[in-house]
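So this one's start37.pdb, PDB, C-alpha atoms and all ligand atoms:
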```pdb
ATOM      1  CA  MET A   1    -243.026  16.680  -8.911  1.00  0.00           C
ATOM      2  CA  GLU A   2    -241.174  13.649 -10.305  1.00  0.00           C
ATOM      3  CA  ASN A   3    -238.632  11.839  -8.144  1.00  0.00           C
ATOM      4  CA  GLU A   4    -239.805  13.615  -5.024  1.00  0.00           C
ATOM      5  CA  THR A   5    -240.084  11.784  -1.734  1.00  0.00           C
ATOM      6  CA  ILE A   6    -240.986  13.116   1.687  1.00  0.00           C
ATOM      7  CA  PHE A   7    -239.975  11.686   5.025  1.00  0.00           C
ATOM      8  CA  VAL A   8    -239.625  12.616   8.672  1.00  0.00           C
ATOM      9  CA  ARG A   9    -236.574  12.098  10.869  1.00  0.00           C
ATOM     10  CA  GLU A  10    -235.213  13.344  14.170  1.00  0.00           C
ATOM     11  CA  VAL A  11    -233.421  16.674  14.049  1.00  0.00           C
ATOM     12  CA  LYS A  12    -229.615  16.597  14.121  1.00  0.00           C
ATOM     13  CA  ARG A  13    -227.473  19.191  15.883  1.00  0.00           C
ATOM     14  CA  GLU A  14    -226.233  20.544  12.543  1.00  0.00           C
ATOM     15  CA  ASP A  15    -229.849  21.081  11.362  1.00  0.00           C
ATOM     16  CA  ILE A  16    -230.589  23.621  14.105  1.00  0.00           C
ATOM     17  CA  PRO A  17    -229.490  26.783  12.193  1.00  0.00           C
ATOM     18  CA  THR A  18    -231.784  25.775   9.301  1.00  0.00           C
ATOM     19  CA  VAL A  19    -234.637  25.106  11.733  1.00  0.00           C
ATOM     20  CA  VAL A  20    -234.120  28.564  13.285  1.00  0.00           C
ATOM     21  CA  GLU A  21    -234.219  30.078   9.774  1.00  0.00           C
ATOM     22  CA  ILE A  22    -237.487  28.257   8.942  1.00  0.00           C
ATOM     23  CA  ASN A  23    -238.977  29.445  12.239  1.00  0.00           C
ATOM     24  CA  ARG A  24    -237.998  33.068  11.450  1.00  0.00           C
ATOM     25  CA  ARG A  25    -239.388  32.923   7.931  1.00  0.00           C
ATOM     26  CA  ALA A  26    -242.660  31.191   8.821  1.00  0.00           C
ATOM     27  CA  LEU A  27    -243.686  32.551  12.216  1.00  0.00           C
ATOM     28  CA  PRO A  28    -243.579  35.773  14.244  1.00  0.00           C
ATOM     29  CA  GLU A  29    -242.933  33.693  17.381  1.00  0.00           C
ATOM     30  CA  ASN A  30    -239.139  33.374  17.271  1.00  0.00           C
ATOM     31  CA  TYR A  31    -237.048  31.766  19.968  1.00  0.00           C
ATOM     32  CA  SER A  32    -233.369  32.013  20.858  1.00  0.00           C
ATOM     33  CA  ILE A  33    -231.148  29.363  19.297  1.00  0.00           C
ATOM     34  CA  ASP A  34    -230.483  28.008  22.805  1.00  0.00           C
ATOM     35  CA  TYR A  35    -234.182  27.239  23.195  1.00  0.00           C
ATOM     36  CA  PHE A  36    -233.940  24.930  20.152  1.00  0.00           C
ATOM     37  CA  TYR A  37    -230.727  23.307  21.455  1.00  0.00           C
ATOM     38  CA  TYR A  38    -232.424  22.763  24.831  1.00  0.00           C
ATOM     39  CA  HIS A  39    -235.258  20.813  23.197  1.00  0.00           C
ATOM     40  CA  LEU A  40    -232.752  18.851  21.107  1.00  0.00           C
ATOM     41  CA  GLU A  41    -230.946  17.808  24.324  1.00  0.00           C
ATOM     42  CA  GLU A  42    -234.045  17.117  26.441  1.00  0.00           C
ATOM     43  CA  PHE A  43    -236.606  15.707  23.968  1.00  0.00           C
ATOM     44  CA  PRO A  44    -234.620  14.547  20.896  1.00  0.00           C
ATOM     45  CA  ASP A  45    -237.255  12.038  19.767  1.00  0.00           C
ATOM     46  CA  LEU A  46    -239.971  14.740  19.771  1.00  0.00           C
ATOM     47  CA  PHE A  47    -237.992  17.260  17.714  1.00  0.00           C
ATOM     48  CA  LEU A  48    -238.510  16.284  14.090  1.00  0.00           C
ATOM     49  CA  VAL A  49    -237.742  17.630  10.642  1.00  0.00           C
ATOM     50  CA  GLY A  50    -239.645  17.003   7.418  1.00  0.00           C
ATOM     51  CA  ILE A  51    -237.341  16.284   4.492  1.00  0.00           C
ATOM     52  CA  VAL A  52    -238.113  16.678   0.799  1.00  0.00           C
ATOM     53  CA  LYS A  53    -235.801  14.580  -1.349  1.00  0.00           C
ATOM     54  CA  ARG A  54    -235.556  15.514  -5.038  1.00  0.00           C
ATOM     55  CA  ASP A  55    -233.260  13.242  -7.037  1.00  0.00           C
ATOM     56  CA  ASP A  56    -230.228  13.112  -4.730  1.00  0.00           C
ATOM     57  CA  LEU A  57    -230.794  16.459  -3.004  1.00  0.00           C
ATOM     58  CA  GLU A  58    -232.411  16.672   0.424  1.00  0.00           C
ATOM     59  CA  TYR A  59    -234.070  19.835   1.741  1.00  0.00           C
ATOM     60  CA  ILE A  60    -235.200  20.490   5.301  1.00  0.00           C
ATOM     61  CA  ALA A  61    -238.717  21.683   4.527  1.00  0.00           C
ATOM     62  CA  GLY A  62    -240.167  21.995   8.016  1.00  0.00           C
ATOM     63  CA  TYR A  63    -239.892  21.049  11.654  1.00  0.00           C
ATOM     64  CA  SER A  64    -241.951  20.324  14.732  1.00  0.00           C
ATOM     65  CA  MET A  65    -240.670  20.719  18.269  1.00  0.00           C
ATOM     66  CA  SER A  66    -242.574  19.170  21.159  1.00  0.00           C
ATOM     67  CA  ARG A  67    -241.898  18.341  24.784  1.00  0.00           C
ATOM     68  CA  ILE A  68    -243.430  16.455  27.692  1.00  0.00           C
ATOM     69  CA  GLU A  69    -244.854  18.202  30.747  1.00  0.00           C
ATOM     70  CA  PHE A  70    -246.766  17.139  33.858  1.00  0.00           C
ATOM     71  CA  GLY A  71    -249.798  19.088  35.025  1.00  0.00           C
ATOM     72  CA  PHE A  72    -253.545  19.399  35.191  1.00  0.00           C
ATOM     73  CA  SER A  73    -255.474  17.884  32.308  1.00  0.00           C
ATOM     74  CA  ASN A  74    -256.852  20.390  29.797  1.00  0.00           C
ATOM     75  CA  PHE A  75    -260.125  18.464  30.118  1.00  0.00           C
ATOM     76  CA  GLY A  76    -260.446  18.351  33.928  1.00  0.00           C
ATOM     77  CA  LEU A  77    -258.739  18.333  37.273  1.00  0.00           C
ATOM     78  CA  SER A  78    -256.681  15.132  37.117  1.00  0.00           C
ATOM     79  CA  LEU A  79    -252.888  15.271  36.960  1.00  0.00           C
ATOM     80  CA  VAL A  80    -251.621  13.928  33.643  1.00  0.00           C
ATOM     81  CA  LYS A  81    -248.612  13.568  31.377  1.00  0.00           C
ATOM     82  CA  LYS A  82    -249.008  16.059  28.537  1.00  0.00           C
ATOM     83  CA  GLY A  83    -247.322  16.479  25.184  1.00  0.00           C
ATOM     84  CA  HIS A  84    -246.891  20.143  24.200  1.00  0.00           C
ATOM     85  CA  LEU A  85    -246.390  21.113  20.571  1.00  0.00           C
ATOM     86  CA  ILE A  86    -244.223  24.198  21.012  1.00  0.00           C
ATOM     87  CA  SER A  87    -243.751  25.077  17.360  1.00  0.00           C
ATOM     88  CA  ILE A  88    -244.370  23.670  13.889  1.00  0.00           C
ATOM     89  CA  ALA A  89    -243.667  25.278  10.529  1.00  0.00           C
ATOM     90  CA  VAL A  90    -243.140  24.314   6.909  1.00  0.00           C
ATOM     91  CA  LEU A  91    -241.459  26.573   4.331  1.00  0.00           C
ATOM     92  CA  ASP A  92    -243.935  28.197   1.968  1.00  0.00           C
ATOM     93  CA  GLN A  93    -242.732  26.375  -1.164  1.00  0.00           C
ATOM     94  CA  PHE A  94    -243.168  22.950   0.474  1.00  0.00           C
ATOM     95  CA  ARG A  95    -246.667  23.426   1.934  1.00  0.00           C
ATOM     96  CA  ARG A  96    -249.767  21.311   1.188  1.00  0.00           C
ATOM     97  CA  LYS A  97    -247.684  18.194   0.594  1.00  0.00           C
ATOM     98  CA  GLY A  98    -248.603  16.562   3.900  1.00  0.00           C
ATOM     99  CA  ILE A  99    -245.337  17.448   5.675  1.00  0.00           C
ATOM    100  CA  ALA A 100    -246.919  19.002   8.786  1.00  0.00           C
ATOM    101  CA  SER A 101    -249.344  16.073   8.929  1.00  0.00           C
ATOM    102  CA  SER A 102    -246.438  13.584   8.856  1.00  0.00           C
ATOM    103  CA  LEU A 103    -244.649  15.505  11.624  1.00  0.00           C
ATOM    104  CA  ILE A 104    -247.746  15.492  13.847  1.00  0.00           C
ATOM    105  CA  LYS A 105    -248.587  11.854  13.085  1.00  0.00           C
ATOM    106  CA  THR A 106    -245.071  10.714  14.050  1.00  0.00           C
ATOM    107  CA  THR A 107    -245.107  12.835  17.217  1.00  0.00           C
ATOM    108  CA  ILE A 108    -248.497  11.400  18.264  1.00  0.00           C
ATOM    109  CA  GLU A 109    -247.229   7.840  17.689  1.00  0.00           C
ATOM    110  CA  ARG A 110    -244.196   8.548  19.891  1.00  0.00           C
ATOM    111  CA  LEU A 111    -246.235  10.251  22.622  1.00  0.00           C
ATOM    112  CA  THR A 112    -248.674   7.332  22.651  1.00  0.00           C
ATOM    113  CA  LYS A 113    -245.800   4.860  23.117  1.00  0.00           C
ATOM    114  CA  LYS A 114    -244.598   6.966  26.064  1.00  0.00           C
ATOM    115  CA  LYS A 115    -248.082   6.714  27.616  1.00  0.00           C
ATOM    116  CA  VAL A 116    -248.699  10.439  27.353  1.00  0.00           C
ATOM    117  CA  ASN A 117    -252.356  11.239  28.113  1.00  0.00           C
ATOM    118  CA  GLU A 118    -252.975  14.290  25.960  1.00  0.00           C
ATOM    119  CA  PHE A 119    -251.286  16.535  23.410  1.00  0.00           C
ATOM    120  CA  TYR A 120    -251.866  20.303  23.311  1.00  0.00           C
ATOM    121  CA  LEU A 121    -250.713  23.498  21.646  1.00  0.00           C
ATOM    122  CA  GLU A 122    -251.424  27.215  21.408  1.00  0.00           C
ATOM    123  CA  VAL A 123    -252.437  28.759  18.081  1.00  0.00           C
ATOM    124  CA  ARG A 124    -253.495  32.238  16.976  1.00  0.00           C
ATOM    125  CA  VAL A 125    -257.290  32.422  16.722  1.00  0.00           C
ATOM    126  CA  THR A 126    -256.956  33.654  13.099  1.00  0.00           C
ATOM    127  CA  ASN A 127    -254.465  30.976  11.965  1.00  0.00           C
ATOM    128  CA  TYR A 128    -257.034  29.064   9.915  1.00  0.00           C
ATOM    129  CA  PRO A 129    -254.596  26.766   8.025  1.00  0.00           C
ATOM    130  CA  ALA A 130    -253.049  25.563  11.303  1.00  0.00           C
ATOM    131  CA  ILE A 131    -256.420  25.223  13.076  1.00  0.00           C
ATOM    132  CA  SER A 132    -257.703  23.171  10.137  1.00  0.00           C
ATOM    133  CA  LEU A 133    -254.584  20.962  10.328  1.00  0.00           C
ATOM    134  CA  TYR A 134    -255.072  20.354  14.071  1.00  0.00           C
ATOM    135  CA  LYS A 135    -258.783  19.549  13.635  1.00  0.00           C
ATOM    136  CA  LYS A 136    -257.775  16.778  11.221  1.00  0.00           C
ATOM    137  CA  PHE A 137    -255.969  15.171  14.168  1.00  0.00           C
ATOM    138  CA  ASN A 138    -259.048  15.618  16.408  1.00  0.00           C
ATOM    139  CA  PHE A 139    -257.659  18.508  18.449  1.00  0.00           C
ATOM    140  CA  VAL A 140    -260.467  20.551  20.004  1.00  0.00           C
ATOM    141  CA  VAL A 141    -260.420  24.030  21.529  1.00  0.00           C
ATOM    142  CA  THR A 142    -260.092  23.591  25.303  1.00  0.00           C
ATOM    143  CA  ASN A 143    -259.318  27.192  26.268  1.00  0.00           C
ATOM    144  CA  LYS A 144    -258.869  30.685  24.866  1.00  0.00           C
ATOM    145  CA  ILE A 145    -256.075  32.892  26.255  1.00  0.00           C
ATOM    146  CA  PRO A 146    -256.674  36.638  25.750  1.00  0.00           C
ATOM    147  CA  SER A 147    -253.696  38.648  24.392  1.00  0.00           C
ATOM    148  CA  TYR A 148    -251.422  35.601  24.469  1.00  0.00           C
ATOM    149  CA  TYR A 149    -249.225  36.919  21.658  1.00  0.00           C
ATOM    150  CA  SER A 150    -246.989  39.994  21.900  1.00  0.00           C
ATOM    151  CA  ASP A 151    -249.106  41.852  19.299  1.00  0.00           C
ATOM    152  CA  GLY A 152    -252.208  41.326  21.453  1.00  0.00           C
ATOM    153  CA  GLU A 153    -253.833  38.489  19.489  1.00  0.00           C
ATOM    154  CA  ASP A 154    -255.679  35.792  21.452  1.00  0.00           C
ATOM    155  CA  ALA A 155    -254.667  32.130  21.406  1.00  0.00           C
ATOM    156  CA  TYR A 156    -256.748  29.002  21.339  1.00  0.00           C
ATOM    157  CA  VAL A 157    -255.425  26.136  23.374  1.00  0.00           C
ATOM    158  CA  MET A 158    -256.217  23.014  21.351  1.00  0.00           C
ATOM    159  CA  THR A 159    -255.913  19.546  22.849  1.00  0.00           C
ATOM    160  CA  VAL A 160    -256.379  15.937  21.761  1.00  0.00           C
ATOM    161  CA  LYS A 161    -256.798  13.028  24.172  1.00  0.00           C
ATOM    162  CA  LEU A 162    -254.325  10.258  23.398  1.00  0.00           C
ATOM    163  CA  ARG A 163    -255.371   7.638  25.964  1.00  0.00           C
TER     164      ARG A 163
HETATM  165  N1  LIG A 201    -255.631  26.574   4.142  1.00  0.00           N
HETATM  166  C1  LIG A 201    -256.529  25.739   4.703  1.00  0.00           C
HETATM  167  N2  LIG A 201    -256.195  24.551   5.283  1.00  0.00           N
HETATM  168  C2  LIG A 201    -254.898  24.229   5.302  1.00  0.00           C
HETATM  169  C3  LIG A 201    -253.899  25.047   4.723  1.00  0.00           C
HETATM  170  C4  LIG A 201    -254.312  26.259   4.121  1.00  0.00           C
HETATM  171  N3  LIG A 201    -253.425  27.114   3.566  1.00  0.00           N
HETATM  172  N4  LIG A 201    -252.698  24.455   4.905  1.00  0.00           N
HETATM  173  C5  LIG A 201    -252.922  23.299   5.552  1.00  0.00           C
HETATM  174  N5  LIG A 201    -254.251  23.158   5.792  1.00  0.00           N
HETATM  175  C6  LIG A 201    -254.915  22.057   6.479  1.00  0.00           C
HETATM  176  C7  LIG A 201    -255.722  21.240   5.483  1.00  0.00           C
HETATM  177  O1  LIG A 201    -256.784  20.655   6.200  1.00  0.00           O
HETATM  178  C8  LIG A 201    -254.689  20.201   5.045  1.00  0.00           C
HETATM  179  O2  LIG A 201    -255.260  19.046   4.523  1.00  0.00           O
HETATM  180  P1  LIG A 201    -255.486  18.940   2.909  1.00  0.00           P
HETATM  181  O3  LIG A 201    -254.216  19.380   2.242  1.00  0.00           O
HETATM  182  O4  LIG A 201    -255.817  17.495   2.726  1.00  0.00           O
HETATM  183  O5  LIG A 201    -256.630  19.875   2.635  1.00  0.00           O
HETATM  184  C9  LIG A 201    -254.050  19.887   6.376  1.00  0.00           C
HETATM  185  O6  LIG A 201    -253.930  21.160   7.022  1.00  0.00           O
HETATM  186  C10 LIG A 201    -252.697  19.208   6.285  1.00  0.00           C
HETATM  187  O7  LIG A 201    -251.828  19.980   5.485  1.00  0.00           O
HETATM  188  P2  LIG A 201    -250.259  19.672   5.382  1.00  0.00           P
HETATM  189  O8  LIG A 201    -249.887  19.642   3.936  1.00  0.00           O
HETATM  190  O9  LIG A 201    -249.905  18.505   6.212  1.00  0.00           O
HETATM  191  O10 LIG A 201    -249.682  21.013   6.076  1.00  0.00           O
HETATM  192  P3  LIG A 201    -248.390  21.833   5.627  1.00  0.00           P
HETATM  193  O11 LIG A 201    -247.218  20.918   5.501  1.00  0.00           O
HETATM  194  O12 LIG A 201    -248.709  22.684   4.473  1.00  0.00           O
HETATM  195  O13 LIG A 201    -248.153  22.765   6.932  1.00  0.00           O
HETATM  196  C11 LIG A 201    -248.642  24.586   8.400  1.00  0.00           C
HETATM  197  C12 LIG A 201    -249.232  23.430   7.575  1.00  0.00           C
HETATM  198  C13 LIG A 201    -247.594  24.059   9.369  1.00  0.00           C
HETATM  199  C14 LIG A 201    -249.775  25.242   9.200  1.00  0.00           C
HETATM  200  C15 LIG A 201    -248.006  25.608   7.400  1.00  0.00           C
HETATM  201  O14 LIG A 201    -249.038  26.265   6.694  1.00  0.00           O
HETATM  202  C16 LIG A 201    -247.125  26.658   8.060  1.00  0.00           C
HETATM  203  O15 LIG A 201    -245.935  26.453   8.261  1.00  0.00           O
HETATM  204  N6  LIG A 201    -247.734  27.830   8.414  1.00  0.00           N
HETATM  205  C17 LIG A 201    -246.963  28.927   9.027  1.00  0.00           C
HETATM  206  C18 LIG A 201    -246.490  28.563  10.399  1.00  0.00           C
HETATM  207  C19 LIG A 201    -247.643  28.239  11.332  1.00  0.00           C
HETATM  208  O16 LIG A 201    -248.694  28.853  11.304  1.00  0.00           O
HETATM  209  N7  LIG A 201    -247.412  27.248  12.226  1.00  0.00           N
HETATM  210  C20 LIG A 201    -248.382  26.860  13.255  1.00  0.00           C
HETATM  211  C21 LIG A 201    -248.338  27.809  14.403  1.00  0.00           C
HETATM  212  S1  LIG A 201    -249.126  27.149  15.889  1.00  0.00           S
HETATM  213  C22 LIG A 201    -247.883  26.202  16.601  1.00  0.00           C
HETATM  214  O17 LIG A 201    -246.751  26.204  16.169  1.00  0.00           O
HETATM  215  C23 LIG A 201    -248.266  25.310  17.771  1.00  0.00           C
END
```
How does this structure look as structure tokens?
Amino acid sequence: MENETIFVREVKREDIPTVVEINRRALPENYSIDYFYYHLEEFPDLFLVGIVKRDDLEYIAGYSMSRIEFGFSNFGLSLVKKGHLISIAVLDQFRRKGIASSLIKTTIERLTKKKVNEFYLEVRVTNYPAISLYKKFNFVVTNKIPSYYSDGEDAYVMTVKLR
């Protein structure tokens, strides 16, 4: 589309209702609004939105919400600093434009600066678009969790080493 630009920025407090709406439209895993506000307060630089700008109008097209945890490595027994991608989604009409890729790329750059050792996520074993996206960033399956989702579907844990 002409005059269309895409960029990523940190979420603002007033964006949260739109982010909740995108989450509800795109995913069956829906969280309370307070869960989003919690991540905004605690990890503001890891909670990002993808913006599509057409002429002078800006649309929030997607989001990614990540946090930092401490625990055992997904690759072994050492204790490490881990990034956790809690949720990512892009509205249907804005998909395949590289928005999710930009969100993940920016998050990885920020995690790397914070000396985070690895970045992981859970994904439905049948979510082929998302699995394909994560493979592009060198995530590999490090575990499979039976019946992880409320409808009984299994999850893959996918992880990428950052340092
Ligand atoms: N089919 C196959 N591969 C796909 C598809 C698809 N429909 N969509 C994306 N990909 C893969 C491709 O490898 C693509 O690269 P390419 O376009 O060069 O072929 C790559 O992902 C990057 O695509 P982007 O354009 O960056 O991804 P997009 O902005 O469209 O968002 C997303 C991808 C987030 C998976 C989107 O389809 C979506 O919102 N799906 C519903 C919500 C969802 O499943 N979220 C992930 C749940 S797991 C979690 O949150 C941790």
Review point. Between A:Ile86, A:Ile145, A:Val52, A:Ala26, which one has atoms that come closest to Ser66 in chain A, using all atoms listed in the file?
Key: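 Selected residue with least distance to Ser66 in chain A: A:Ile86.
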Counting all atoms listed in the file, which residues in chain A sit no more than 8 Å from ligand LIG 201 (chain A)? For each one, give the nearest pair of atoms and the distance in Å, sorted by chain then residue number, as a Markdown table.
```
| residue | atom | partner | partner_atom | distance |
| --- | --- | --- | --- | --- |
| A:Asn23 | CA | A:LIG201 | C18 | 7.8 |
| A:Ala26 | CA | A:LIG201 | C17 | 4.9 |
| A:Leu27 | CA | A:LIG201 | C18 | 5.2 |
| A:Gly62 | CA | A:LIG201 | O15 | 7.3 |
| A:Ser64 | CA | A:LIG201 | O17 | 7.7 |
| A:Leu85 | CA | A:LIG201 | C23 | 5.4 |
| A:Ile86 | CA | A:LIG201 | C23 | 5.3 |
| A:Ser87 | CA | A:LIG201 | O17 | 3.4 |
| A:Ile88 | CA | A:LIG201 | O17 | 4.2 |
| A:Ala89 | CA | A:LIG201 | O15 | 3.4 |
| A:Val90 | CA | A:LIG201 | O15 | 3.8 |
| A:Leu91 | CA | A:LIG201 | O15 | 6.0 |
| A:Asp92 | CA | A:LIG201 | O15 | 6.8 |
| A:Phe94 | CA | A:LIG201 | O11 | 6.8 |
| A:Arg95 | CA | A:LIG201 | O12 | 3.3 |
| A:Arg96 | CA | A:LIG201 | O8 | 3.2 |
| A:Lys97 | CA | A:LIG201 | O8 | 4.3 |
| A:Gly98 | CA | A:LIG201 | O9 | 3.3 |
| A:Ile99 | CA | A:LIG201 | O11 | 4.0 |
| A:Ala100 | CA | A:LIG201 | O11 | 3.8 |
| A:Ser101 | CA | A:LIG201 | O9 | 3.7 |
| A:Ser102 | CA | A:LIG201 | O9 | 6.6 |
| A:Leu121 | CA | A:LIG201 | C23 | 4.9 |
| A:Glu122 | CA | A:LIG201 | C23 | 5.2 |
| A:Val123 | CA | A:LIG201 | S1 | 4.3 |
| A:Arg124 | CA | A:LIG201 | S1 | 6.8 |
| A:Asn127 | CA | A:LIG201 | O16 | 6.2 |
| A:Tyr128 | CA | A:LIG201 | C1 | 6.2 |
| A:Pro129 | CA | A:LIG201 | C2 | 3.7 |
| A:Ala130 | CA | A:LIG201 | C14 | 3.9 |
| A:Ile131 | CA | A:LIG201 | C6 | 7.5 |
| A:Ser132 | CA | A:LIG201 | C6 | 4.7 |
| A:Leu133 | CA | A:LIG201 | O6 | 3.4 |
| A:Tyr134 | CA | A:LIG201 | O6 | 7.2 |
| A:Lys135 | CA | A:LIG201 | O1 | 7.8 |
| A:Lys136 | CA | A:LIG201 | O1 | 6.4 |
```
Practice item. Output the residue selection produced by the PyMOL selection byres (((chain A and resi 140) around 7) and not hetatm) on the file above, formatted as number ranges by chain. Key: A: 135, 138-139, 141-142, 158-160
Residues within 8 Å of (-253.0, 33.7, 16.1), file coordinates, counting all atoms listed in the file: what are they? Give the list as a compact mmCIF listing (two decimals) with C-alpha atoms, in the frame of the given file.
```txt
# COMPACT_ATOMS: atom_id res chain seq x y z
CA VAL A 123 -252.44 28.76 18.08
CA ARG A 124 -253.50 32.24 16.98
CA VAL A 125 -257.29 32.42 16.72
CA THR A 126 -256.96 33.65 13.10
CA ASN A 127 -254.46 30.98 11.96
CA TYR A 149 -249.22 36.92 21.66
CA GLU A 153 -253.83 38.49 19.49
CA ASP A 154 -255.68 35.79 21.45
CA ALA A 155 -254.67 32.13 21.41
CA TYR A 156 -256.75 29.00 21.34
```
As JSON: centre and edge lengths in Å, one decimal, of the axis-aligned box holding range 139-157 of chain A with 5 Å per side:
```
{"center_x": -253.7, "center_y": 30.2, "center_z": 22.4, "size_x": 23.5, "size_y": 33.3, "size_z": 17.8}
```
Exercise for review: Quote the spacing between CA of Tyr37 in chain A and CA of Ile108 in chain A in Å to one decimal place.
Suggested key: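 Computing the Euclidean distance for CA of Tyr37 in chain A and CA of Ile108 in chain A yields 21.6 Å.
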Practice item. Please write as a list of chain:residue names the full residue list that the PyMOL selection byres (((chain A and resi 107) around 10) and not hetatm) yields on this file. Key: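 Selected by the PyMOL selection byres (((chain A and resi 107) around 10) and not hetatm) in this file: A:Asp45, A:Leu46, A:Phe47, A:Leu48, A:Ser64, A:Met65, A:Ser66, A:Arg67, A:Gly83, A:Leu85, A:Ser101, A:Ser102, A:Leu103, A:Ile104, A:Lys105, A:Thr106, A:Ile108, A:Glu109, A:Arg110, A:Leu111, A:Thr112, A:Lys113, A:Phe119.
Note that CA of Gln93 in chain A and CA of Ile33 in chain A are 23.7 Å apart.
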Mind checking which residues fall within 10 Å of Ile51 in chain A, counting only C-alpha atoms, ignoring those fewer than 2 positions away in the same chain, and posting them as a PDB file with C-alpha atoms, in the frame of the given file?
```pdb
ATOM      1  CA  THR A   5    -240.084  11.784  -1.734  1.00  0.00           C
ATOM      2  CA  ILE A   6    -240.986  13.116   1.687  1.00  0.00           C
ATOM      3  CA  PHE A   7    -239.975  11.686   5.025  1.00  0.00           C
ATOM      4  CA  VAL A   8    -239.625  12.616   8.672  1.00  0.00           C
ATOM      5  CA  ARG A   9    -236.574  12.098  10.869  1.00  0.00           C
ATOM      6  CA  LEU A  48    -238.510  16.284  14.090  1.00  0.00           C
ATOM      7  CA  VAL A  49    -237.742  17.630  10.642  1.00  0.00           C
ATOM      8  CA  LYS A  53    -235.801  14.580  -1.349  1.00  0.00           C
ATOM      9  CA  ARG A  54    -235.556  15.514  -5.038  1.00  0.00           C
ATOM     10  CA  LEU A  57    -230.794  16.459  -3.004  1.00  0.00           C
ATOM     11  CA  GLU A  58    -232.411  16.672   0.424  1.00  0.00           C
ATOM     12  CA  TYR A  59    -234.070  19.835   1.741  1.00  0.00           C
ATOM     13  CA  ILE A  60    -235.200  20.490   5.301  1.00  0.00           C
ATOM     14  CA  ALA A  61    -238.717  21.683   4.527  1.00  0.00           C
ATOM     15  CA  GLY A  62    -240.167  21.995   8.016  1.00  0.00           C
ATOM     16  CA  TYR A  63    -239.892  21.049  11.654  1.00  0.00           C
ATOM     17  CA  PHE A  94    -243.168  22.950   0.474  1.00  0.00           C
ATOM     18  CA  ILE A  99    -245.337  17.448   5.675  1.00  0.00           C
TER      19      ILE A  99
END
```
Point to revise | Å distance separating CA of Leu79 in chain A from CA of Glu41 in chain A, one decimal place | key: 25.4 Å
Point to revise | Among the residues A:Thr18, A:Asn3, A:Ser147, A:Asn117, the one that comes closest to Ile68 in chain A [using all atoms listed in the file] | key: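 Smallest separation from Ile68 in chain A among the options: A:Asn117.
With all atoms listed in the file as the basis for measurement, A:Asn74 is the residue among A:Asn74, A:Pro17, A:Glu4, A:Lys82 that approaches Asn143 in chain A most closely.
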